[in-house]
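*Asks:* For reference, the file run_29.csv (CSV, C-alpha atoms) is included below:
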```
chain,number,residue,atom,x,y,z
A,1,MET,CA,59.8,106.8,16.1
A,2,THR,CA,56.6,108.8,16.5
A,3,GLY,CA,54.6,105.9,15.0
A,4,GLU,CA,55.9,103.6,17.7
A,5,ASN,CA,54.9,106.1,20.5
A,6,GLU,CA,51.4,106.4,19.0
A,7,ASP,CA,51.1,102.6,18.9
A,8,LYS,CA,52.1,102.5,22.6
A,9,ALA,CA,49.6,105.2,23.5
A,10,LYS,CA,46.9,103.4,21.6
A,11,SER,CA,47.5,100.1,23.3
A,12,SER,CA,47.6,101.7,26.7
A,13,MET,CA,44.3,103.4,26.0
A,14,LEU,CA,42.8,100.1,25.0
A,15,LYS,CA,44.2,98.5,28.1
A,16,ASN,CA,42.6,101.3,30.3
A,17,LEU,CA,39.2,100.7,28.6
A,18,TRP,CA,39.5,97.0,29.1
A,19,GLN,CA,40.4,97.5,32.7
A,20,ALA,CA,37.5,99.9,33.3
A,21,LEU,CA,35.1,97.3,31.7
A,22,ARG,CA,36.5,94.5,33.8
A,23,HIS,CA,36.3,96.2,37.2
A,24,PRO,CA,33.4,97.7,39.2
A,25,ASN,CA,33.1,101.5,38.8
A,26,LYS,CA,34.1,103.6,41.9
A,27,LYS,CA,32.6,106.9,40.7
A,28,TYR,CA,29.0,106.2,39.6
A,29,ALA,CA,26.3,104.4,41.5
A,30,LEU,CA,25.1,101.1,40.0
A,31,GLY,CA,21.6,102.5,40.0
A,32,SER,CA,22.6,105.4,37.7
A,33,LEU,CA,24.6,103.2,35.5
A,34,LEU,CA,21.6,100.8,35.1
A,35,SER,CA,19.1,103.6,34.5
A,36,VAL,CA,21.4,105.4,31.9
A,37,GLY,CA,21.9,102.0,30.3
A,38,PHE,CA,18.2,101.3,30.2
A,39,VAL,CA,17.3,104.6,28.7
A,40,ALA,CA,20.1,104.4,26.1
A,41,GLY,CA,19.0,100.9,25.3
A,42,VAL,CA,15.4,102.0,24.7
A,43,ILE,CA,16.7,104.9,22.5
A,44,PHE,CA,19.1,102.7,20.4
A,45,TRP,CA,16.8,99.7,20.0
A,46,GLY,CA,13.8,101.9,19.3
A,47,GLY,CA,15.8,104.0,16.9
A,48,PHE,CA,17.1,100.9,15.2
A,49,ASN,CA,13.6,99.5,14.7
A,50,TRP,CA,12.2,102.9,13.8
A,51,SER,CA,14.7,103.4,11.0
A,52,MET,CA,14.2,99.9,9.8
A,53,GLU,CA,10.4,100.5,9.6
A,54,ILE,CA,11.2,103.6,7.5
A,55,THR,CA,12.9,101.4,5.0
A,56,ASN,CA,9.9,99.2,5.1
A,57,THR,CA,7.5,101.6,3.5
A,58,GLU,CA,6.3,101.8,-0.1
A,59,GLU,CA,7.5,105.5,-0.1
A,60,PHE,CA,11.0,104.3,0.6
A,61,CYS,CA,10.9,101.5,-2.0
A,62,ILE,CA,9.8,103.8,-4.8
A,63,SER,CA,12.2,106.6,-3.9
A,64,CYS,CA,14.5,104.8,-6.4
A,65,HIS,CA,13.4,105.5,-9.9
A,66,GLU,CA,14.3,101.9,-10.8
A,67,MET,CA,11.4,100.7,-8.6
A,68,GLU,CA,9.0,103.6,-9.3
A,69,GLN,CA,9.3,103.5,-13.1
A,70,ASN,CA,9.3,99.8,-13.6
A,71,VAL,CA,7.8,97.4,-11.1
A,72,TYR,CA,5.7,100.0,-9.2
A,73,ARG,CA,3.8,101.3,-12.3
A,74,GLU,CA,3.1,97.7,-13.4
A,75,TYR,CA,1.8,96.8,-9.9
A,76,LYS,CA,-0.6,99.7,-10.0
A,77,GLN,CA,-2.6,98.0,-12.7
A,78,THR,CA,-3.0,94.8,-10.7
A,79,ILE,CA,-5.5,93.5,-8.2
A,80,HIS,CA,-3.1,93.8,-5.3
A,81,TYR,CA,-3.2,97.6,-5.8
A,82,SER,CA,-6.8,98.2,-6.7
A,83,ASN,CA,-9.7,96.0,-6.0
A,84,ARG,CA,-13.4,96.1,-5.0
A,85,THR,CA,-12.8,95.6,-1.2
A,86,GLY,CA,-10.1,98.2,-0.9
A,87,VAL,CA,-7.5,95.9,0.7
A,88,ARG,CA,-4.0,96.7,-0.6
A,89,ALA,CA,-0.8,94.8,-0.4
A,90,THR,CA,2.1,97.2,-0.8
A,91,CYS,CA,5.7,96.4,-1.7
A,92,PRO,CA,7.0,95.2,1.7
A,93,ASP,CA,3.9,93.1,2.3
A,94,CYS,CA,5.0,90.7,-0.4
A,95,HIS,CA,8.8,91.3,-0.5
A,96,VAL,CA,9.8,91.7,3.2
A,97,PRO,CA,9.2,88.9,5.7
A,98,LYS,CA,7.1,89.8,8.7
A,99,THR,CA,9.1,87.9,11.3
A,100,TRP,CA,12.0,89.8,12.8
A,101,ILE,CA,14.8,87.4,12.1
A,102,HIS,CA,13.9,86.9,8.5
A,103,LYS,CA,13.3,90.6,8.1
A,104,ILE,CA,16.8,91.4,9.3
A,105,ALA,CA,18.2,88.8,6.9
A,106,ARG,CA,16.3,90.3,4.0
A,107,LYS,CA,17.5,93.8,5.0
A,108,ILE,CA,21.1,92.7,5.0
A,109,LYS,CA,20.7,91.1,1.6
A,110,ALA,CA,19.2,94.4,0.4
A,111,SER,CA,22.7,95.9,0.7
A,112,ASN,CA,23.4,94.2,-2.6
A,113,GLU,CA,20.5,96.2,-4.1
A,114,VAL,CA,22.1,99.4,-2.8
A,115,TYR,CA,25.4,98.4,-4.4
A,116,HIS,CA,23.7,97.9,-7.8
A,117,LYS,CA,21.8,101.1,-7.4
A,118,ILE,CA,25.2,102.9,-7.1
A,119,LEU,CA,26.5,100.9,-10.1
A,120,GLY,CA,23.4,101.8,-12.1
A,121,THR,CA,22.9,98.2,-13.2
A,122,ILE,CA,19.3,98.7,-14.1
A,123,ASP,CA,19.0,102.5,-14.4
A,124,THR,CA,17.2,102.4,-17.7
A,125,ARG,CA,14.1,100.5,-18.9
A,126,GLU,CA,16.1,98.6,-21.4
A,127,LYS,CA,18.7,97.5,-18.8
A,128,PHE,CA,15.9,96.5,-16.5
A,129,GLU,CA,14.1,94.5,-19.2
A,130,ALA,CA,17.3,92.7,-20.1
A,131,LYS,CA,17.7,91.8,-16.4
A,132,ARG,CA,14.1,91.1,-15.7
A,133,LEU,CA,14.2,87.3,-16.1
A,134,GLU,CA,17.2,87.0,-13.8
A,135,LEU,CA,15.6,89.2,-11.2
A,136,ALA,CA,12.2,87.5,-11.4
A,137,GLU,CA,13.8,84.1,-11.1
A,138,ASN,CA,15.6,85.2,-7.9
A,139,VAL,CA,12.3,86.1,-6.4
A,140,TRP,CA,10.5,83.0,-7.6
A,141,LYS,CA,13.3,80.8,-6.2
A,142,VAL,CA,13.2,82.4,-2.7
A,143,MET,CA,9.4,82.2,-2.7
A,144,GLU,CA,9.5,78.5,-3.6
A,145,GLU,CA,12.1,77.9,-0.8
A,146,THR,CA,10.0,79.7,1.8
A,147,ASP,CA,6.7,78.0,0.7
A,148,SER,CA,5.5,81.5,-0.4
A,149,ARG,CA,5.7,82.8,3.1
A,150,GLU,CA,4.8,86.3,2.3
A,151,CYS,CA,1.8,85.3,0.2
A,152,ARG,CA,0.6,83.3,3.2
A,153,ASN,CA,0.4,86.3,5.4
A,154,CYS,CA,-3.0,86.8,3.8
A,155,HIS,CA,-3.7,83.7,1.7
A,156,ASN,CA,-4.0,80.2,3.1
A,157,PHE,CA,-5.3,77.0,1.6
A,158,GLU,CA,-7.1,76.3,4.8
A,159,PHE,CA,-9.0,79.6,4.8
A,160,MET,CA,-10.2,79.1,1.2
A,161,ASP,CA,-13.9,78.6,0.5
A,162,PHE,CA,-13.6,76.2,-2.4
A,163,PRO,CA,-17.3,76.1,-3.4
A,164,SER,CA,-17.1,79.9,-4.1
A,165,GLN,CA,-14.1,79.5,-6.4
A,166,GLN,CA,-14.4,78.9,-10.1
A,167,LYS,CA,-14.2,75.3,-11.2
A,168,ARG,CA,-10.8,75.8,-12.8
A,169,SER,CA,-9.3,77.4,-9.6
A,170,ARG,CA,-11.0,74.8,-7.4
A,171,GLU,CA,-9.5,71.9,-9.2
A,172,SER,CA,-6.1,73.5,-9.5
A,173,HIS,CA,-6.0,74.3,-5.7
A,174,ASP,CA,-7.1,70.8,-4.9
A,175,GLY,CA,-4.3,69.4,-7.0
A,176,ALA,CA,-1.8,71.8,-5.5
A,177,ILE,CA,-2.6,70.7,-1.9
A,178,ALA,CA,-2.3,67.1,-2.9
A,179,THR,CA,1.1,67.5,-4.6
A,180,GLY,CA,2.5,69.9,-2.0
A,181,MET,CA,2.8,72.9,-4.4
A,182,THR,CA,3.2,76.5,-3.3
A,183,CYS,CA,1.5,79.7,-4.5
A,184,ILE,CA,4.4,81.0,-6.7
A,185,ASN,CA,4.5,77.7,-8.7
A,186,CYS,CA,1.5,78.9,-10.7
A,187,HIS,CA,0.9,82.5,-9.7
A,188,LYS,CA,3.8,84.2,-11.5
A,189,GLY,CA,3.5,87.7,-12.9
A,190,ILE,CA,0.4,88.6,-10.8
A,191,ALA,CA,1.8,91.9,-9.6
A,192,HIS,CA,4.5,92.8,-12.2
A,193,GLU,CA,4.9,92.1,-15.9
A,194,LEU,CA,6.4,88.8,-16.9
A,195,PRO,CA,9.9,88.4,-18.3
A,196,ALA,CA,10.0,88.2,-22.1
A,197,GLY,CA,9.4,84.7,-23.5
A,198,VAL,CA,8.5,82.8,-20.3
A,199,THR,CA,5.1,81.9,-21.7
A,200,SER,CA,6.6,80.4,-24.9
A,201,GLU,CA,9.4,78.3,-23.6
A,202,GLY,CA,8.0,75.6,-21.3
A,203,GLY,CA,5.0,77.9,-20.6
A,204,ALA,CA,2.9,75.3,-18.9
A,205,ALA,CA,5.7,74.3,-16.5
A,206,THR,CA,6.3,78.0,-15.6
A,207,PHE,CA,2.7,78.2,-14.5
A,208,GLY,CA,2.6,75.0,-12.5
A,209,HIS,CA,1.2,72.4,-14.9
A,210,LYS,CA,3.1,69.2,-14.5
A,211,SER,CA,3.3,66.7,-17.4
A,212,LYS,CA,0.8,63.9,-16.8
B,1,MET,CA,-38.2,47.9,36.6
B,2,LYS,CA,-37.3,45.2,34.2
B,3,THR,CA,-40.7,45.4,32.5
B,4,ILE,CA,-40.5,49.2,32.1
B,5,LEU,CA,-37.1,48.8,30.5
B,6,THR,CA,-38.3,46.1,28.1
B,7,THR,CA,-41.3,48.1,27.2
B,8,THR,CA,-39.3,51.3,26.6
B,9,LEU,CA,-36.8,49.5,24.4
B,10,SER,CA,-39.4,47.7,22.4
B,11,GLY,CA,-41.3,51.0,22.0
B,12,LEU,CA,-38.2,52.7,20.7
B,13,ALA,CA,-37.6,49.8,18.3
B,14,VAL,CA,-41.1,50.0,16.9
B,15,MET,CA,-40.7,53.8,16.6
B,16,ALA,CA,-37.4,53.4,14.8
B,17,VAL,CA,-38.9,51.0,12.3
B,18,LEU,CA,-41.9,53.2,11.8
B,19,LEU,CA,-39.8,56.3,11.4
B,20,GLY,CA,-37.2,54.8,9.2
B,21,GLY,CA,-39.5,52.9,6.9
B,22,GLY,CA,-41.9,55.8,6.9
B,23,THR,CA,-39.3,58.4,5.9
B,24,THR,CA,-38.3,56.2,3.0
B,25,ALA,CA,-41.8,55.7,1.9
B,26,TRP,CA,-42.7,59.4,2.1
B,27,ALA,CA,-39.6,60.5,0.4
B,28,LEU,CA,-40.1,58.0,-2.4
B,29,ASP,CA,-43.7,58.9,-3.1
B,30,GLY,CA,-42.9,62.5,-3.0
B,31,ALA,CA,-45.2,63.5,-0.2
B,32,LEU,CA,-42.5,65.1,1.8
B,33,HIS,CA,-39.8,67.4,0.5
B,34,SER,CA,-37.2,68.0,3.1
B,35,LEU,CA,-34.1,70.2,2.7
B,36,ARG,CA,-32.4,66.9,1.5
B,37,GLY,CA,-34.8,66.8,-1.4
B,38,MET,CA,-35.9,63.4,-2.5
B,39,THR,CA,-32.8,61.6,-1.3
B,40,THR,CA,-33.4,59.0,1.3
B,41,LEU,CA,-31.4,58.8,4.5
B,42,GLN,CA,-29.6,55.8,3.3
B,43,ASP,CA,-28.3,57.5,0.2
B,44,ASN,CA,-25.9,60.4,-0.2
B,45,ALA,CA,-27.5,63.6,-1.5
B,46,ASP,CA,-25.7,65.2,-4.4
B,47,ALA,CA,-23.4,68.1,-3.5
B,48,ALA,CA,-24.9,71.5,-3.7
B,49,ASP,CA,-24.4,73.5,-6.8
B,50,LEU,CA,-21.0,75.2,-6.9
B,51,ASN,CA,-20.2,78.6,-8.4
B,52,ASN,CA,-19.9,77.7,-12.0
B,53,LYS,CA,-20.1,81.2,-13.5
B,54,GLN,CA,-18.3,81.4,-16.8
B,55,VAL,CA,-17.1,77.8,-16.5
B,56,GLY,CA,-18.5,74.4,-17.0
B,57,GLU,CA,-20.7,74.4,-20.1
B,58,ARG,CA,-19.2,76.2,-23.0
B,59,PHE,CA,-21.6,78.5,-24.9
B,60,GLU,CA,-22.5,77.2,-28.3
B,61,LYS,CA,-21.3,79.0,-31.4
B,62,ASN,CA,-23.8,81.3,-33.0
B,63,TYR,CA,-22.3,81.0,-36.5
B,64,ARG,CA,-19.8,78.9,-38.4
B,65,GLN,CA,-16.7,81.1,-38.2
B,66,GLN,CA,-17.3,82.5,-34.7
B,67,PRO,CA,-14.1,82.5,-32.6
B,68,PRO,CA,-14.7,80.2,-29.7
B,69,LEU,CA,-15.6,82.0,-26.5
B,70,ILE,CA,-13.3,81.9,-23.4
B,71,PRO,CA,-15.0,79.9,-20.7
B,72,HIS,CA,-13.0,81.4,-17.8
B,73,ALA,CA,-11.9,84.7,-16.4
B,74,ILE,CA,-8.9,86.3,-18.0
B,75,ALA,CA,-8.7,89.6,-16.0
B,76,ASN,CA,-5.1,90.8,-15.8
B,77,TYR,CA,-3.7,88.2,-18.2
B,78,GLU,CA,-0.7,89.7,-19.9
B,79,ILE,CA,-0.7,89.8,-23.7
B,80,ASP,CA,2.0,92.1,-25.1
B,81,ILE,CA,5.1,92.1,-27.2
B,82,LYS,CA,7.0,90.1,-24.5
B,83,VAL,CA,4.6,87.4,-23.4
B,84,ASN,CA,1.2,86.0,-24.0
B,85,GLN,CA,-0.2,84.3,-21.0
B,86,CYS,CA,-2.9,82.4,-23.0
B,87,ILE,CA,-0.3,80.5,-25.0
B,88,ALA,CA,1.3,79.3,-21.8
B,89,CYS,CA,-1.5,76.8,-21.6
B,90,HIS,CA,-3.1,76.7,-25.0
B,91,ASP,CA,0.0,76.3,-27.3
B,92,TRP,CA,1.1,72.9,-28.3
B,93,PRO,CA,2.6,70.9,-26.7
B,94,GLN,CA,2.0,72.7,-23.4
B,95,ASN,CA,-1.8,72.3,-23.8
B,96,VAL,CA,-1.4,68.6,-23.1
B,97,SER,CA,0.0,69.0,-19.6
B,98,ALA,CA,-2.3,72.0,-18.9
B,99,GLY,CA,-5.4,70.1,-20.1
B,100,ALA,CA,-6.4,73.1,-22.2
B,101,PRO,CA,-7.8,73.2,-25.8
B,102,LYS,CA,-5.2,73.5,-28.4
B,103,ILE,CA,-5.0,76.7,-30.5
B,104,SER,CA,-6.3,76.1,-34.0
B,105,GLU,CA,-3.6,75.2,-36.6
B,106,THR,CA,-4.8,78.2,-38.7
B,107,HIS,CA,-3.1,80.4,-36.2
B,108,TYR,CA,0.3,79.0,-37.1
B,109,ILE,CA,0.2,80.2,-40.7
B,110,GLY,CA,2.0,83.4,-41.5
B,111,ARG,CA,0.6,86.0,-43.9
B,112,GLU,CA,2.6,84.7,-46.8
B,113,GLY,CA,1.1,81.3,-46.2
B,114,GLN,CA,4.2,79.7,-44.6
B,115,ASN,CA,3.7,77.2,-41.8
B,116,LEU,CA,5.3,78.4,-38.5
B,117,ASN,CA,6.2,76.7,-35.3
B,118,LYS,CA,5.0,79.6,-33.2
B,119,VAL,CA,1.7,81.4,-33.2
B,120,ALA,CA,1.8,83.9,-36.1
B,121,SER,CA,2.3,87.4,-35.1
B,122,ARG,CA,-1.0,88.5,-36.7
B,123,ARG,CA,-2.8,86.0,-34.4
B,124,TRP,CA,-0.8,87.0,-31.3
B,125,PHE,CA,-3.4,89.2,-29.6
B,126,CYS,CA,-6.0,86.6,-28.7
B,127,THR,CA,-8.5,89.1,-27.3
B,128,GLN,CA,-8.9,90.8,-30.7
B,129,CYS,CA,-11.3,87.9,-31.5
B,130,HIS,CA,-11.8,85.8,-28.4
B,131,VAL,CA,-13.7,87.2,-25.5
B,132,PRO,CA,-14.8,85.6,-22.2
B,133,GLN,CA,-18.3,84.2,-22.3
B,134,ASP,CA,-21.1,85.7,-20.2
B,135,ASP,CA,-24.8,85.7,-20.3
B,136,VAL,CA,-25.6,89.3,-21.1
B,137,GLU,CA,-28.2,91.2,-23.1
B,138,GLU,CA,-27.2,92.5,-26.5
B,139,LEU,CA,-26.2,96.1,-26.4
B,140,VAL,CA,-28.1,96.9,-29.5
B,141,PRO,CA,-31.3,95.1,-30.5
B,142,ASN,CA,-30.6,93.1,-33.7
B,143,THR,CA,-32.2,90.5,-35.9
B,144,PHE,CA,-29.1,88.3,-36.4
B,145,GLU,CA,-29.8,84.8,-37.7
B,146,SER,CA,-27.2,82.1,-38.0
B,147,SER,CA,-26.6,80.7,-41.5
B,148,LYS,CA,-27.6,77.4,-40.0
B,149,ASP,CA,-31.0,78.8,-39.1
B,150,LEU,CA,-31.5,80.1,-42.6
B,151,GLU,CA,-31.0,76.7,-44.3
```
Take the structure in this file and express it as structure tokens.

*Replies:*
Amino acid sequence: MTGENEDKAKSSMLKNLWQALRHPNKKYALGSLLSVGFVAGVIFWGGFNWSMEITNTEEFCISCHEMEQNVYREYKQTIHYSNRTGVRATCPDCHVPKTWIHKIARKIKASNEVYHKILGTIDTREKFEAKRLELAENVWKVMEETDSRECRNCHNFEFMDFPSQQKRSRESHDGAIATGMTCINCHKGIAHELPAGVTSEGGAATFGHKSK
Amino acid sequence: MKTILTTTLSGLAVMAVLLGGGTTAWALDGALHSLRGMTTLQDNADAADLNNKQVGERFEKNYRQQPPLIPHAIANYEIDIKVNQCIACHDWPQNVSAGAPKISETHYIGREGQNLNKVASRRWFCTQCHVPQDDVEELVPNTFESSKDLE
């Protein structure tokens, strides 16, 4: 009996809310409604983007020991971390898209990473190494699909000074443009260690050399 | 008006012949060295020298059993228990598609003398013997002579 009453009360409350939304307000001026709405909008939208930016910092990424003790320590040995000109690409520069819509899509996908953090899927070095090939292949696949979009925030075939490249790089880049290849086709394992065995089994294919 | 035009045109034509022919003659007899070098206007000059540091010509061996030098940069190439980035291109049959020199067959013989299908583990760490080539002064003065020179 009480359940029925509660249901009725709930439905009438919903009805009242719906009615209020559908009709002009008699109590508050349109001006105050608009200004309150505007301020609330700024706070919510700003707050949303602000908190998203917090999740877009290296500090946030390596607050998980899975990231800090594996990929981050490996990356610290590479040219994207330390180089003569002092330019540094941090985690989100390569792993989070810059454009808003793609960034949101990536952040939603990251909920899967939170899920596996809770499950402890890769909470030891051994578990991580066992999973490394699968995880790396996921990233390689996405980068191939997006034409290495995140690399191209900084690197671009059109901006390259070919004469100042080594002969080997020059010829490879020339061929890559001609055959429509993308950065990740060859440049694997530049910021993190490679998965075990990838250099042995079909090594040349992994690093972009097509059979002639 | 007509005369002026004709004169001007013929004058230009004569100048063009003089200049064109003259340039060729000067360039050929070596009297004039322009930024183009000795190449005449009719020919294409060779492209300027590109950055060929550590690539192009391989350094000659200094003695018979010297491990070949690496004629390219290898900074950050991963060689460890899991992977070896050198063999990605230099191991047979991958070297064919990569266009890279094949690893010597001696590197596929295990320590008991058995022939293997993979680079022997005692040969795994390439940089123990092979180093990138560079034109540098010797750290310590020495009087090394190749066995070839002593013949």

*Asks:* Could you tell me which residues of chain A sit within 9 Å of chain B when counting all atoms listed in the file, and give me the result as a ChimeraX atom specification?

*Replies:* /A:77-79,162-168,189-190,193-212

*Asks:* Would you please work out which residue, of A:Pro24, A:Asn5, A:His65, A:Ser35, is nearest to A:Gly120 when using only C-alpha atoms?

*Replies:*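 Closest residue, counting only C-alpha atoms: A:His65.
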
*Asks:* Which distance in Å separates atom CA of B:Tyr108 and atom CA of B:Ala120, to one decimal?

*Replies:*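 Computing the Euclidean distance for atom CA of B:Tyr108 and atom CA of B:Ala120 yields 5.2 Å.
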
*Asks:* Tell me which protein, DNA and RNA residues are within 10 Å of B:Phe144, counting all atoms listed in the file, leaving out same-chain ones fewer than 3 positions away, and put them as a list in words.

*Replies:*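 These residues fall inside the cut-off: Asn62, Tyr63, Pro141 and Ser147 of chain B.
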
*Asks:* Measure the distance from atom CA of A:Ile101 to atom CA of A:Lys131 in Å and round it to one decimal.

*Replies:*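 Distance between the two atoms: 29.0 Å.
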
*Asks:* Figure out the distance between atom CA of B:Cys129 and atom CA of B:Pro67, please, to one decimal in Å.

*Replies:* 6.2 Å

*Asks:* Would you please work out which residue, of A:Val139, A:Ile108, A:Cys91, A:Leu133, is nearest to A:Glu59 when using only C-alpha atoms?

*Replies:*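 When distances to A:Glu59 are compared using only C-alpha atoms, the smallest one comes from A:Cys91.
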
*Asks:* Find, counting all atoms listed in the file, the residue in A:Val142, A:Cys94, A:Lys103, A:Lys8 that gets nearest to A:His80.

*Replies:*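 The closest residue to A:His80 is A:Cys94.
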
*Asks:* Ranking A:Val36, A:Leu17, A:Val96, A:Cys151 by minimum distance to A:Glu53 and counting all atoms listed in the file, which one comes first?

*Replies:*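 Once distances to A:Glu53 are computed over all atoms listed in the file, the minimum belongs to A:Val96.
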
*Asks:* Give as a list in words the set of residues within 12 Å of the point (-2.5, 84.1, 1.1), where distances use the file's coordinates and only C-alpha atoms.

*Replies:*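 So the residues meeting the distance criterion are His80, Ala89, Asp93, Cys94, Asp147, Ser148, Arg149, Glu150, Cys151, Arg152, Asn153, Cys154, His155, Asn156, Phe157, Glu158, Phe159, Met160, Thr182, Cys183, Ile184 and His187 of chain A.
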